[in-house]
$ cat start_3.txt   # compact mmCIF, C-alpha atoms
# COMPACT_ATOMS: atom_id res chain seq x y z
CA MET A 1 -57.18 -23.35 133.80
CA THR A 2 -57.92 -26.80 132.39
CA THR A 3 -61.22 -26.87 134.29
CA VAL A 4 -62.17 -23.54 132.78
CA TYR A 5 -61.62 -24.87 129.28
CA LEU A 6 -63.38 -28.16 130.00
CA ILE A 7 -66.41 -26.23 131.20
CA ARG A 8 -66.14 -23.99 128.17
CA ILE A 9 -66.07 -27.00 125.81
CA ARG A 10 -69.05 -28.49 127.63
CA ASN A 11 -70.91 -25.20 127.23
CA PHE A 12 -69.85 -25.06 123.61
CA ILE A 13 -71.38 -28.45 122.90
CA LEU A 14 -74.46 -27.62 124.93
CA PHE A 15 -75.15 -24.37 123.11
CA ALA A 16 -74.31 -25.77 119.71
CA MET A 17 -76.65 -28.74 120.17
CA LEU A 18 -79.40 -26.60 121.65
CA GLN A 19 -79.19 -24.25 118.71
CA ALA A 20 -78.74 -26.85 115.98
CA LEU A 21 -81.30 -29.34 117.19
CA VAL A 22 -83.98 -27.05 118.62
CA PHE A 23 -83.84 -23.35 117.84
CA SER A 24 -82.49 -23.42 114.30
CA ARG A 25 -85.53 -25.45 113.28
CA ILE A 26 -87.94 -22.75 114.37
CA HIS A 27 -88.63 -20.04 111.84
CA LEU A 28 -91.42 -18.00 113.32
CA PHE A 29 -93.62 -16.62 110.51
CA GLY A 30 -90.81 -17.49 108.15
CA TYR A 31 -88.75 -14.59 109.47
CA ALA A 32 -87.78 -14.89 113.12
CA THR A 33 -85.28 -17.41 114.43
CA VAL A 34 -83.76 -17.54 117.91
CA TYR A 35 -79.98 -17.52 117.97
CA ILE A 36 -79.41 -18.49 121.57
CA TYR A 37 -75.98 -20.03 120.95
CA LEU A 38 -74.50 -16.55 120.80
CA LEU A 39 -74.85 -16.40 124.57
CA PHE A 40 -71.79 -18.63 124.69
CA LEU A 41 -69.75 -15.88 123.05
CA LEU A 42 -71.42 -13.05 124.98
CA LYS A 43 -70.81 -14.76 128.31
CA LEU A 44 -67.07 -15.22 127.83
CA PRO A 45 -65.12 -13.10 130.35
CA ARG A 46 -64.00 -9.60 129.56
CA HIS A 47 -60.30 -10.40 129.25
CA THR A 48 -60.78 -13.11 126.63
CA SER A 49 -58.43 -12.26 123.78
CA CYS A 50 -59.83 -11.33 120.42
CA ASN A 51 -58.12 -14.29 118.75
CA GLU A 52 -59.66 -16.73 121.16
CA LEU A 53 -63.08 -15.17 120.69
CA LEU A 54 -62.69 -15.39 116.92
CA ILE A 55 -61.81 -19.07 117.03
CA TRP A 56 -64.65 -19.90 119.41
CA GLY A 57 -67.07 -17.92 117.28
CA PHE A 58 -65.97 -19.48 114.03
CA LEU A 59 -66.09 -23.03 115.35
CA LEU A 60 -69.46 -22.48 117.00
CA GLY A 61 -70.95 -20.99 113.88
CA LEU A 62 -69.48 -23.76 111.76
CA THR A 63 -70.98 -26.41 114.03
CA VAL A 64 -74.41 -24.84 113.82
CA ASP A 65 -73.98 -24.53 110.05
CA MET A 66 -73.09 -28.17 109.71
CA PHE A 67 -76.33 -29.19 111.39
CA GLY A 68 -78.40 -26.51 109.70
CA ASN A 69 -77.10 -27.24 106.18
CA THR A 70 -76.01 -23.64 105.66
CA PRO A 71 -72.20 -23.94 105.41
CA GLY A 72 -70.43 -20.69 106.20
CA ILE A 73 -73.32 -18.37 106.95
CA ASN A 74 -73.47 -18.76 110.71
CA ALA A 75 -69.69 -19.09 110.85
CA ALA A 76 -69.21 -15.78 109.05
CA ALA A 77 -71.79 -13.95 111.19
CA ALA A 78 -70.54 -15.41 114.46
CA THR A 79 -66.96 -14.49 113.53
CA VAL A 80 -68.03 -10.90 112.94
CA LEU A 81 -69.79 -10.89 116.31
CA ALA A 82 -66.72 -12.34 118.03
CA PHE A 83 -64.55 -9.74 116.40
CA THR A 84 -66.69 -6.82 117.60
CA ARG A 85 -67.78 -8.21 120.95
CA ASN A 86 -64.90 -6.83 123.03
CA SER A 87 -65.24 -3.29 121.72
CA VAL A 88 -69.02 -3.34 122.27
CA LEU A 89 -68.59 -4.69 125.77
CA GLU A 90 -66.11 -1.93 126.69
CA ASN A 91 -68.87 0.63 126.11
CA PHE A 92 -71.12 -0.92 128.77
CA ILE A 93 -68.72 -1.50 131.65
CA HIS A 94 -66.87 0.82 133.91
CA LYS A 95 -63.14 1.19 134.05
CA GLY A 96 -63.15 -0.12 137.59
CA ASN A 97 -64.72 -3.47 136.71
CA PRO A 98 -62.48 -6.50 137.16
CA ASP A 99 -60.63 -8.02 134.22
CA ASN A 100 -62.23 -11.42 134.51
CA LEU A 101 -65.75 -9.92 134.58
CA LYS A 102 -68.33 -12.30 133.15
CA PRO A 103 -71.04 -10.22 131.40
CA GLY A 104 -74.41 -10.69 133.04
CA VAL A 105 -77.27 -8.86 134.75
CA HIS A 106 -75.63 -9.22 138.12
CA THR A 107 -72.26 -7.86 137.01
CA ILE A 108 -73.28 -4.97 134.73
CA SER A 109 -76.88 -4.08 135.61
CA TRP A 110 -79.96 -4.80 133.46
CA GLY A 111 -79.58 -1.73 131.28
CA GLY A 112 -75.94 -2.29 130.44
CA TYR A 113 -76.41 -6.00 129.79
CA MET A 114 -79.48 -5.44 127.60
CA GLY A 115 -77.74 -2.76 125.57
CA TYR A 116 -74.68 -4.96 125.11
CA THR A 117 -76.78 -7.97 124.06
CA ILE A 118 -79.04 -6.03 121.71
CA ILE A 119 -76.17 -4.41 119.85
CA CYS A 120 -74.35 -7.73 119.53
CA MET A 121 -77.53 -9.44 118.31
CA LEU A 122 -78.16 -6.69 115.79
CA ILE A 123 -74.64 -6.96 114.40
CA PHE A 124 -74.96 -10.72 114.15
CA ASN A 125 -78.41 -10.71 112.58
CA VAL A 126 -77.59 -8.03 110.02
CA VAL A 127 -74.54 -9.98 108.83
CA LEU A 128 -76.40 -13.28 108.93
CA TYR A 129 -79.41 -12.15 106.92
CA LEU A 130 -77.31 -10.19 104.48
CA LEU A 131 -75.38 -13.36 103.74
CA ASP A 132 -78.57 -15.39 103.69
CA LEU A 133 -80.33 -13.12 101.18
CA PHE A 134 -76.98 -12.43 99.50
CA SER A 135 -78.40 -9.22 98.09
CA ILE A 136 -79.28 -5.71 99.20
CA ASN A 137 -82.17 -5.55 96.78
CA TYR A 138 -84.69 -6.78 99.37
CA PRO A 139 -84.39 -4.28 102.24
CA LEU A 140 -87.84 -4.94 103.71
CA PRO A 141 -87.50 -8.72 104.26
CA LEU A 142 -84.01 -8.04 105.57
CA LEU A 143 -85.29 -5.48 108.06
CA ILE A 144 -88.16 -7.66 109.22
CA SER A 145 -85.91 -10.68 109.68
CA VAL A 146 -83.27 -8.76 111.59
CA ALA A 147 -85.75 -6.98 113.87
CA SER A 148 -87.92 -10.01 114.62
CA SER A 149 -84.98 -12.34 115.22
CA THR A 150 -83.33 -9.83 117.53
CA VAL A 151 -86.50 -9.28 119.53
CA LEU A 152 -87.19 -13.00 119.83
CA THR A 153 -83.62 -13.81 120.83
CA MET A 154 -83.67 -11.00 123.41
CA LEU A 155 -86.78 -12.58 124.91
CA PHE A 156 -84.88 -15.81 125.46
CA VAL A 157 -81.85 -13.91 126.75
CA VAL A 158 -84.02 -12.20 129.39
CA VAL A 159 -85.61 -15.49 130.38
CA THR A 160 -82.22 -17.16 130.65
CA GLU A 161 -80.91 -14.27 132.72
CA CYS A 162 -83.85 -14.48 135.13
CA PHE A 163 -83.01 -18.11 135.87
CA THR A 164 -79.25 -17.85 136.20
CA ARG A 165 -77.76 -18.07 139.67
CA LYS A 166 -76.01 -15.16 141.05
CA MET B 1 -39.70 -1.45 110.18
CA GLN B 2 -39.95 -2.09 113.88
CA THR B 3 -43.08 0.02 114.11
CA ILE B 4 -44.68 -1.81 111.22
CA LEU B 5 -43.91 -5.18 112.79
CA ASN B 6 -45.23 -3.95 116.12
CA PHE B 7 -48.36 -2.75 114.43
CA LEU B 8 -48.87 -6.10 112.71
CA VAL B 9 -48.30 -8.05 115.90
CA ARG B 10 -50.63 -5.82 117.90
CA HIS B 11 -53.38 -6.24 115.31
CA ASN B 12 -52.86 -9.92 114.61
CA HIS B 13 -56.49 -10.61 115.42
CA TRP B 14 -57.38 -8.66 112.26
CA PHE B 15 -55.60 -11.28 110.15
CA LEU B 16 -57.30 -14.10 111.98
CA PHE B 17 -60.61 -12.35 111.45
CA ILE B 18 -60.01 -11.91 107.74
CA ILE B 19 -58.84 -15.52 107.34
CA LEU B 20 -61.88 -16.89 109.17
CA GLU B 21 -64.25 -14.67 107.21
CA GLY B 22 -62.55 -15.75 104.02
CA ILE B 23 -63.04 -19.40 104.91
CA SER B 24 -66.69 -18.74 105.76
CA PHE B 25 -67.25 -16.93 102.52
CA MET B 26 -65.65 -19.71 100.55
CA LEU B 27 -67.90 -22.20 102.29
CA ILE B 28 -70.94 -20.05 101.57
CA VAL B 29 -70.17 -19.70 97.91
CA ARG B 30 -68.98 -23.25 97.49
CA PHE B 31 -71.78 -25.13 99.20
CA ASN B 32 -74.90 -22.98 98.93
CA ASN B 33 -76.61 -23.15 95.58
CA TYR B 34 -78.44 -19.86 95.83
CA GLN B 35 -75.46 -17.86 97.07
CA SER B 36 -73.04 -19.42 94.63
CA ALA B 37 -75.42 -18.78 91.77
CA THR B 38 -75.82 -15.16 92.80
CA PHE B 39 -72.11 -14.72 93.39
CA PHE B 40 -70.97 -16.21 90.13
CA THR B 41 -73.68 -14.48 88.16
CA SER B 42 -72.74 -11.10 89.53
CA THR B 43 -69.10 -11.94 88.92
CA ASN B 44 -69.96 -12.77 85.35
CA GLY B 45 -71.86 -9.52 85.06
CA MET B 46 -68.79 -7.68 86.25
CA ALA B 47 -66.58 -9.62 83.83
CA GLY B 48 -69.04 -8.82 81.07
CA GLY B 49 -68.84 -5.15 81.92
CA VAL B 50 -65.06 -5.21 81.87
CA TYR B 51 -64.99 -7.01 78.54
CA ASN B 52 -67.50 -4.57 77.13
CA PHE B 53 -65.35 -1.66 78.21
CA LEU B 54 -62.23 -3.24 76.71
CA SER B 55 -63.94 -3.97 73.42
CA ASP B 56 -65.13 -0.36 73.28
CA ILE B 57 -61.53 0.78 73.58
CA ASP B 58 -60.48 -1.81 71.04
CA ASN B 59 -63.10 -0.57 68.62
CA TYR B 60 -61.86 2.95 69.03
CA PHE B 61 -58.36 1.94 67.97
CA GLY B 62 -59.80 -0.04 65.07
CA LEU B 63 -61.53 3.05 63.66
CA ARG B 64 -58.63 3.99 61.41
CA SER B 65 -58.57 0.73 59.47
CA GLU B 66 -62.35 0.75 59.47
CA ASN B 67 -62.28 4.20 57.88
CA GLU B 68 -59.84 3.12 55.23
CA GLN B 69 -61.98 0.16 54.42
CA LEU B 70 -65.06 2.36 54.12
CA LEU B 71 -63.18 4.76 51.88
CA GLU B 72 -62.14 1.93 49.58
CA GLN B 73 -65.68 0.67 49.51
CA ASN B 74 -66.91 4.16 48.67
CA VAL B 75 -64.49 4.47 45.78
CA SER B 76 -65.53 1.15 44.33
CA LEU B 77 -69.22 2.02 44.80
CA ILE B 78 -68.77 5.36 43.07
CA GLY B 79 -67.11 3.57 40.18
CA GLU B 80 -69.98 1.14 40.00
CA VAL B 81 -72.55 3.94 40.07
CA THR B 82 -70.82 5.76 37.23
CA GLU B 83 -70.68 2.61 35.18
CA LEU B 84 -74.33 1.81 35.85
CA LYS B 85 -75.35 5.36 34.96
CA ALA B 86 -73.56 5.06 31.65
CA GLN B 87 -75.24 1.73 31.01
CA LEU B 88 -78.62 3.20 31.88
CA LYS B 89 -78.12 6.07 29.48
CA ASP B 90 -77.08 3.66 26.78
CA LEU B 91 -80.08 1.45 27.37
CA GLN B 92 -82.47 4.37 27.45
CA ALA B 93 -81.16 5.62 24.15
CA ARG B 94 -81.41 2.16 22.66
CA GLU B 95 -84.93 1.70 23.95
CA ALA B 96 -86.01 5.04 22.54
CA MET B 97 -84.51 4.07 19.22
CA MET B 98 -86.23 0.73 19.26
CA ARG B 99 -89.57 2.26 20.17
CA ASP B 100 -89.23 4.58 17.23
CA SER B 101 -88.32 1.77 14.92
CA VAL B 102 -91.14 -0.36 16.28
CA VAL B 103 -93.64 2.40 15.65
CA CYS B 104 -92.27 2.92 12.18
CA ALA B 105 -92.35 -0.75 11.43
CA ASN B 106 -95.86 -1.03 12.74
CA ILE B 107 -97.09 1.78 10.62
CA SER B 108 -95.26 0.89 7.51
CA THR B 109 -95.42 -2.87 7.32
CA GLY B 110 -98.02 -4.04 9.80
CA PHE B 111 -95.63 -5.96 12.04
CA ILE B 112 -97.03 -7.04 15.41
CA PHE B 113 -94.78 -7.02 18.47
CA ASN B 114 -95.02 -9.00 21.63
CA THR B 115 -92.79 -9.79 24.58
CA ALA B 116 -91.97 -13.11 26.24
CA SER B 117 -89.60 -14.74 28.69
CA VAL B 118 -87.30 -17.63 27.97
CA VAL B 119 -88.21 -20.67 30.06
CA ASN B 120 -85.86 -23.25 28.57
CA ASN B 121 -82.76 -22.98 26.50
CA SER B 122 -80.21 -25.37 25.06
CA LEU B 123 -76.77 -24.57 23.72
CA ASN B 124 -74.88 -27.80 23.42
CA ALA B 125 -76.68 -29.64 20.64
CA VAL B 126 -76.34 -29.20 16.89
CA ASN B 127 -80.05 -28.48 16.76
CA ASN B 128 -80.75 -26.25 19.72
CA PHE B 129 -84.18 -25.06 20.76
CA ILE B 130 -85.48 -22.34 23.04
CA VAL B 131 -88.85 -22.40 24.81
CA ILE B 132 -90.64 -19.14 25.57
CA ASP B 133 -93.72 -18.57 27.68
CA LYS B 134 -96.07 -17.15 25.05
CA GLY B 135 -98.22 -19.24 22.75
CA VAL B 136 -101.24 -19.19 20.48
CA ALA B 137 -103.31 -17.73 23.30
CA ASP B 138 -101.11 -14.65 23.16
CA GLY B 139 -101.30 -14.35 19.42
CA VAL B 140 -98.01 -16.09 18.78
CA THR B 141 -97.91 -18.45 15.83
CA SER B 142 -95.16 -20.27 14.02
CA GLU B 143 -92.94 -18.39 11.62
CA MET B 144 -92.72 -15.35 13.80
CA GLY B 145 -89.39 -13.72 14.53
CA VAL B 146 -87.78 -13.61 17.93
CA PHE B 147 -85.14 -11.09 18.97
CA ASP B 148 -83.98 -9.21 22.04
CA SER B 149 -82.44 -5.86 22.72
CA LYS B 150 -79.13 -7.00 21.21
CA GLY B 151 -80.28 -8.72 18.08
CA VAL B 152 -81.96 -11.62 16.33
CA ILE B 153 -82.49 -14.84 18.25
CA GLY B 154 -84.46 -17.05 15.93
CA ILE B 155 -87.80 -17.99 14.48
CA ILE B 156 -90.80 -19.58 16.17
CA TYR B 157 -91.00 -23.13 15.00
CA LEU B 158 -94.04 -24.43 16.85
CA ALA B 159 -96.58 -22.72 19.07
CA SER B 160 -98.77 -24.48 21.62
CA ASN B 161 -101.46 -22.75 23.59
CA ASN B 162 -99.17 -21.08 26.12
CA TYR B 163 -95.65 -21.92 25.01
CA SER B 164 -93.67 -21.70 21.86
CA LEU B 165 -90.64 -23.49 20.53
CA VAL B 166 -88.05 -21.20 18.98
CA LEU B 167 -85.63 -22.33 16.33
CA PRO B 168 -82.66 -20.17 17.23
CA LEU B 169 -79.76 -19.12 15.05
CA LEU B 170 -77.87 -21.85 16.83
CA ASN B 171 -79.69 -24.58 14.95
CA SER B 172 -78.39 -26.13 11.79
CA LYS B 173 -81.87 -25.85 10.27
CA SER B 174 -82.01 -22.14 10.90
CA ASN B 175 -81.88 -20.12 7.75
CA ILE B 176 -82.46 -16.38 7.93
CA SER B 177 -82.03 -13.91 5.16
CA CYS B 178 -79.47 -11.26 6.10
CA ARG B 179 -77.54 -8.46 4.51
CA VAL B 180 -74.58 -6.30 5.34
CA ARG B 181 -75.76 -2.98 6.63
CA GLY B 182 -75.20 -0.31 4.02
CA GLY B 183 -74.21 -2.91 1.45
CA ASN B 184 -76.01 -4.35 -1.53
CA GLY B 185 -75.76 -8.13 -1.26
CA PHE B 186 -77.80 -10.50 0.84
CA SER B 187 -77.30 -14.04 1.98
CA SER B 188 -78.73 -16.64 4.29
CA LEU B 189 -77.27 -17.08 7.73
CA GLN B 190 -76.41 -20.65 8.70
CA TRP B 191 -74.80 -22.21 11.70
CA ASP B 192 -72.14 -24.86 11.43
CA GLY B 193 -72.99 -26.45 14.77
CA ALA B 194 -69.67 -25.64 16.41
CA ASP B 195 -69.12 -22.37 18.24
CA VAL B 196 -72.19 -20.75 19.79
CA ARG B 197 -70.67 -17.30 19.29
CA TYR B 198 -70.40 -17.48 15.50
CA SER B 199 -72.66 -18.13 12.54
CA TYR B 200 -71.96 -17.88 8.80
CA LEU B 201 -73.24 -15.92 5.83
CA VAL B 202 -72.74 -18.69 3.34
CA ASP B 203 -73.49 -17.25 -0.07
CA LEU B 204 -72.66 -13.56 -0.22
CA PRO B 205 -72.44 -12.54 -3.89
CA ARG B 206 -69.08 -11.54 -5.25
CA HIS B 207 -70.16 -8.01 -6.01
CA THR B 208 -70.97 -7.25 -2.39
CA VAL B 209 -68.84 -4.51 -0.91
CA PHE B 210 -68.06 -5.05 2.76
CA GLU B 211 -65.22 -5.47 5.18
CA ARG B 212 -64.44 -6.89 8.60
CA GLY B 213 -66.43 -5.23 11.36
CA ASP B 214 -69.47 -4.42 9.25
CA THR B 215 -72.82 -5.02 10.90
CA VAL B 216 -75.03 -7.78 9.62
CA GLU B 217 -78.79 -7.24 9.84
CA THR B 218 -81.98 -8.88 8.64
CA SER B 219 -82.81 -8.18 5.05
CA GLY B 220 -86.56 -8.20 5.46
CA PHE B 221 -86.97 -10.40 2.42
CA SER B 222 -88.15 -13.39 4.35
CA SER B 223 -91.05 -11.29 5.69
CA ILE B 224 -90.50 -12.80 9.11
CA PHE B 225 -88.29 -10.03 10.43
CA PRO B 226 -88.61 -6.41 9.54
CA LYS B 227 -85.69 -4.88 7.75
CA GLY B 228 -82.64 -3.91 9.77
CA VAL B 229 -82.80 -5.98 12.96
CA PRO B 230 -79.14 -6.41 13.97
CA VAL B 231 -77.69 -9.90 13.89
CA GLY B 232 -73.96 -9.63 14.34
CA ARG B 233 -70.66 -8.30 13.11
CA ILE B 234 -68.52 -9.68 10.30
CA ASP B 235 -65.52 -11.30 11.87
CA LYS B 236 -63.73 -13.19 9.11
CA ILE B 237 -64.12 -13.28 5.35
CA GLU B 238 -63.26 -16.24 3.14
CA ASP B 239 -64.29 -17.85 -0.12
CA SER B 240 -67.07 -20.41 -0.24
CA VAL B 241 -66.19 -23.97 -1.13
CA ASP B 242 -67.07 -23.60 -4.84
CA GLY B 243 -65.43 -20.18 -5.03
CA MET B 244 -68.58 -18.49 -6.36
CA PHE B 245 -69.44 -16.59 -3.19
CA TYR B 246 -67.96 -15.06 -0.12
CA ARG B 247 -68.36 -16.91 3.14
CA ALA B 248 -68.34 -14.56 6.10
CA ARG B 249 -68.08 -15.54 9.70
CA VAL B 250 -70.45 -13.42 11.81
CA GLU B 251 -69.94 -12.75 15.48
CA LEU B 252 -73.47 -12.81 16.89
CA PHE B 253 -74.65 -9.92 19.03
CA VAL B 254 -76.95 -12.06 21.12
CA ASP B 255 -75.44 -13.94 24.01
CA PHE B 256 -77.41 -17.15 23.82
CA ALA B 257 -76.15 -18.30 27.19
CA SER B 258 -77.92 -15.52 29.05
CA LEU B 259 -81.27 -15.04 27.37
CA ASN B 260 -84.11 -13.69 29.44
CA SER B 261 -86.69 -11.33 27.95
CA VAL B 262 -87.31 -11.47 24.25
CA PHE B 263 -89.46 -9.68 21.70
CA ILE B 264 -91.62 -11.51 19.22
CA VAL B 265 -92.40 -9.97 15.88
CA GLY B 266 -95.10 -11.15 13.53
CA ASN B 267 -96.09 -9.91 10.11
CA ASP B 268 -99.71 -9.34 9.22
CA GLY B 269 -98.95 -9.44 5.57
CA HIS B 270 -96.96 -12.59 5.93
CA LYS B 271 -99.67 -14.92 4.68
CA GLU B 272 -100.54 -12.77 1.74
CA GLN B 273 -96.93 -12.55 0.71
CA ASN B 274 -96.51 -16.28 1.08
CA GLU B 275 -99.56 -16.97 -1.01
CA LEU B 276 -98.31 -14.68 -3.71
CA GLU B 277 -94.92 -16.32 -3.66
CA SER B 278 -96.38 -19.77 -3.82
CA LYS B 279 -98.46 -18.69 -6.85
CA ILE B 280 -95.28 -17.70 -8.61
CA ASP B 281 -93.71 -21.00 -7.62
CA GLY B 282 -96.73 -22.88 -8.91
CA LYS B 283 -96.54 -21.28 -12.30
$ encode --input "start_3.txt" --output "structure tokens"
Amino acid sequence: MTTVYLIRIRNFILFAMLQALVFSRIHLFGYATVYIYLLFLLKLPRHTSCNELLIWGFLLGLTVDMFGNTPGINAAAATVLAFTRNSVLENFIHKGNPDNLKPGVHTISWGGYMGYTIICMLIFNVVLYLLDLFSINYPLPLLISVASSTVLTMLFVVVTECFTRK
Amino acid sequence: MQTILNFLVRHNHWFLFIILEGISFMLIVRFNNYQSATFFTSTNGMAGGVYNFLSDIDNYFGLRSENEQLLEQNVSLIGEVTELKAQLKDLQAREAMMRDSVVCANISTGFIFNTASVVNNSLNAVNNFIVIDKGVADGVTSEMGVFDSKGVIGIIYLASNNYSLVLPLLNSKSNISCRVRGGNGFSSLQWDGADVRYSYLVDLPRHTVFERGDTVETSGFSSIFPKGVPVGRIDKIEDSVDGMFYRARVELFVDFASLNSVFIVGNDGHKEQNELESKIDGK
């Protein structure tokens, strides 16, 4: 149990630093940004309680915010993602899957994993850019940002998945 | 109760979610300039809307007192209009009368009329003067009469090119020949230097028949004023110092404190008359 949490904290720091120090600084064409740190949340096992997910999500978002000088925005979006993750995941796995299932290509096929990731990314990006623009008066920039960021992040998700061990 | 508690416990992650989102939102609004500006501006807009709505309601309830106020205002305005109408009628009648008299005077005695505005006026001295804005260039010369719609003001004492100095009734040197309207005696009007509302007929003959309230007008003997320009109203009658004449206090019609437009009257035959008189004197 302790080992699990130590590994989780290590991953937490790894993802947070990767996001804060590398990916958050890239704004492709001024619209697209890769939010790879969400993989930490998406990879948590199926039976992770909602409260635990929420706390992980909030802290992760807050850490990224602290480095990115955007207090609250990532925290809010990541909390929303953490809140919805379990219900989204349930739609892509079978009843027979084990409780401690760790979402991935090898556990729930390419299609299921891609669908799960895309929907989560969309939820996160919509919330994030809504909070960033803080207005619904600019639907086009919002749409472009959400779509491009999701696509770009998915690219990195696929790459990561190709290199993970079975 | 049990079910409610169960429900709350089962959905405890909702509360955590709301708390975390609340914290995030507070952070967003507190530490991001753009978001906080937008948030507080829109909040202010909302507050403005609410206040607007409330003030609309407030105004609606204030309509009654507003109406009463308007009604009062209307009443006072109607009163004012009536009064002004009456004044207008009065003035029109007076003007018509004056025009008639002017025409008559012009035809009969060759008096010339002119108008002027008062540019300077003194009240407080024993020898007061008035300055008007017409002078020799406008055909005004000394020894012309000055009056306004209410009555006699004085006599032009000096005339420069564009201005004239008027010796008003309120000057101890002023001396105008007057008579009681409808009566038979005449006298000169002199000011005692005290009250600007009153002047005195100093040497009314004993045979004159008059009483308090009679109108005093110019006699026309001095040839400066035509006959019958109003001067004032007899206010008090007493004996002169030597007891040979009546001394009548006259309440002047003209309000010397509020002079504005005046008429000037000159006599074409003035010189001729003067010459004739001086011939008699010389004899």
$ interface_residues --input "start_3.txt" --of "chain A" --to "chain B" --cutoff "12 Å" --atoms "all atoms listed in the file" --output "mmCIF file with C-alpha atoms, keeping the file's coordinate frame"
data_model
loop_
_atom_site.group_PDB
_atom_site.id
_atom_site.type_symbol
_atom_site.label_atom_id
_atom_site.label_comp_id
_atom_site.auth_asym_id
_atom_site.auth_seq_id
_atom_site.Cartn_x
_atom_site.Cartn_y
_atom_site.Cartn_z
ATOM 1 C CA SER A 49 -58.430 -12.260 123.780
ATOM 2 C CA CYS A 50 -59.830 -11.330 120.420
ATOM 3 C CA ASN A 51 -58.120 -14.290 118.750
ATOM 4 C CA GLU A 52 -59.660 -16.730 121.160
ATOM 5 C CA LEU A 53 -63.080 -15.170 120.690
ATOM 6 C CA LEU A 54 -62.690 -15.390 116.920
ATOM 7 C CA ILE A 55 -61.810 -19.070 117.030
ATOM 8 C CA TRP A 56 -64.650 -19.900 119.410
ATOM 9 C CA GLY A 57 -67.070 -17.920 117.280
ATOM 10 C CA PHE A 58 -65.970 -19.480 114.030
ATOM 11 C CA LEU A 59 -66.090 -23.030 115.350
ATOM 12 C CA GLY A 61 -70.950 -20.990 113.880
ATOM 13 C CA LEU A 62 -69.480 -23.760 111.760
ATOM 14 C CA ASP A 65 -73.980 -24.530 110.050
ATOM 15 C CA MET A 66 -73.090 -28.170 109.710
ATOM 16 C CA GLY A 68 -78.400 -26.510 109.700
ATOM 17 C CA ASN A 69 -77.100 -27.240 106.180
ATOM 18 C CA THR A 70 -76.010 -23.640 105.660
ATOM 19 C CA PRO A 71 -72.200 -23.940 105.410
ATOM 20 C CA GLY A 72 -70.430 -20.690 106.200
ATOM 21 C CA ILE A 73 -73.320 -18.370 106.950
ATOM 22 C CA ASN A 74 -73.470 -18.760 110.710
ATOM 23 C CA ALA A 75 -69.690 -19.090 110.850
ATOM 24 C CA ALA A 76 -69.210 -15.780 109.050
ATOM 25 C CA ALA A 77 -71.790 -13.950 111.190
ATOM 26 C CA ALA A 78 -70.540 -15.410 114.460
ATOM 27 C CA THR A 79 -66.960 -14.490 113.530
ATOM 28 C CA VAL A 80 -68.030 -10.900 112.940
ATOM 29 C CA LEU A 81 -69.790 -10.890 116.310
ATOM 30 C CA ALA A 82 -66.720 -12.340 118.030
ATOM 31 C CA PHE A 83 -64.550 -9.740 116.400
ATOM 32 C CA THR A 84 -66.690 -6.820 117.600
ATOM 33 C CA ASN A 86 -64.900 -6.830 123.030
ATOM 34 C CA VAL A 127 -74.540 -9.980 108.830
ATOM 35 C CA LEU A 128 -76.400 -13.280 108.930
ATOM 36 C CA LEU A 130 -77.310 -10.190 104.480
ATOM 37 C CA LEU A 131 -75.380 -13.360 103.740
ATOM 38 C CA ASP A 132 -78.570 -15.390 103.690
ATOM 39 C CA LEU A 133 -80.330 -13.120 101.180
ATOM 40 C CA PHE A 134 -76.980 -12.430 99.500
ATOM 41 C CA SER A 135 -78.400 -9.220 98.090
ATOM 42 C CA ILE A 136 -79.280 -5.710 99.200
#
$ atom_distance --input "start_3.txt" --atom1 "CA of Val180 in chain B" --atom2 "CA of Val140 in chain B"
28.7 Å
$ atom_distance --input "start_3.txt" --atom1 "CA of Phe256 in chain B" --atom2 "CA of Trp191 in chain B"
13.4 Å
$ atom_distance --input "start_3.txt" --atom1 "CA of Arg249 in chain B" --atom2 "CA of Val146 in chain B"
21.4 Å
$ residues_around --input "start_3.txt" --residues "Glu161 in chain A" --least-positions-apart "2" --cutoff "10 Å" --atoms "all atoms listed in the file" --output "list of chain:residue names"
A:Gly104, A:Val105, A:His106, A:Trp110, A:Tyr113, A:Leu155, A:Phe156, A:Val157, A:Val158, A:Val159, A:Phe163, A:Thr164, A:Arg165, A:Lys166
$ residues_around --input "start_3.txt" --residues "range 9-20 of chain A" --least-positions-apart "4" --cutoff "8 Å" --atoms "all atoms listed in the file" --output "ChimeraX atom specification"
/A:5,24-25,35-37,40,60,63-65,67-68
$ write_last_selection --input "start_3.txt" --atoms "C-alpha atoms" --output "CSV table (one decimal), in the coordinates of the input"
chain,number,residue,atom,x,y,z
A,5,TYR,CA,-61.6,-24.9,129.3
A,24,SER,CA,-82.5,-23.4,114.3
A,25,ARG,CA,-85.5,-25.4,113.3
A,35,TYR,CA,-80.0,-17.5,118.0
A,36,ILE,CA,-79.4,-18.5,121.6
A,37,TYR,CA,-76.0,-20.0,121.0
A,40,PHE,CA,-71.8,-18.6,124.7
A,60,LEU,CA,-69.5,-22.5,117.0
A,63,THR,CA,-71.0,-26.4,114.0
A,64,VAL,CA,-74.4,-24.8,113.8
A,65,ASP,CA,-74.0,-24.5,110.0
A,67,PHE,CA,-76.3,-29.2,111.4
A,68,GLY,CA,-78.4,-26.5,109.7
$ residues_around --input "start_3.txt" --residues "Asn127 in chain B" --least-positions-apart "2" --cutoff "7 Å" --atoms "all atoms listed in the file" --output "PyMOL selection string"
chain B and resi 125+129+170-172
$ residues_around --input "start_3.txt" --residues "range 116-123 of chain B" --least-positions-apart "3" --cutoff "9 Å" --atoms "only C-alpha atoms" --output "list in words"
Val126, Asn127, Asn128, Phe129, Ile130, Val131, Ile132, Asp133, Lys134, Leu170, Val196, Phe256, Ala257, Leu259, Asn260, Ser261, Val262, Phe263 and Ile264 of chain B
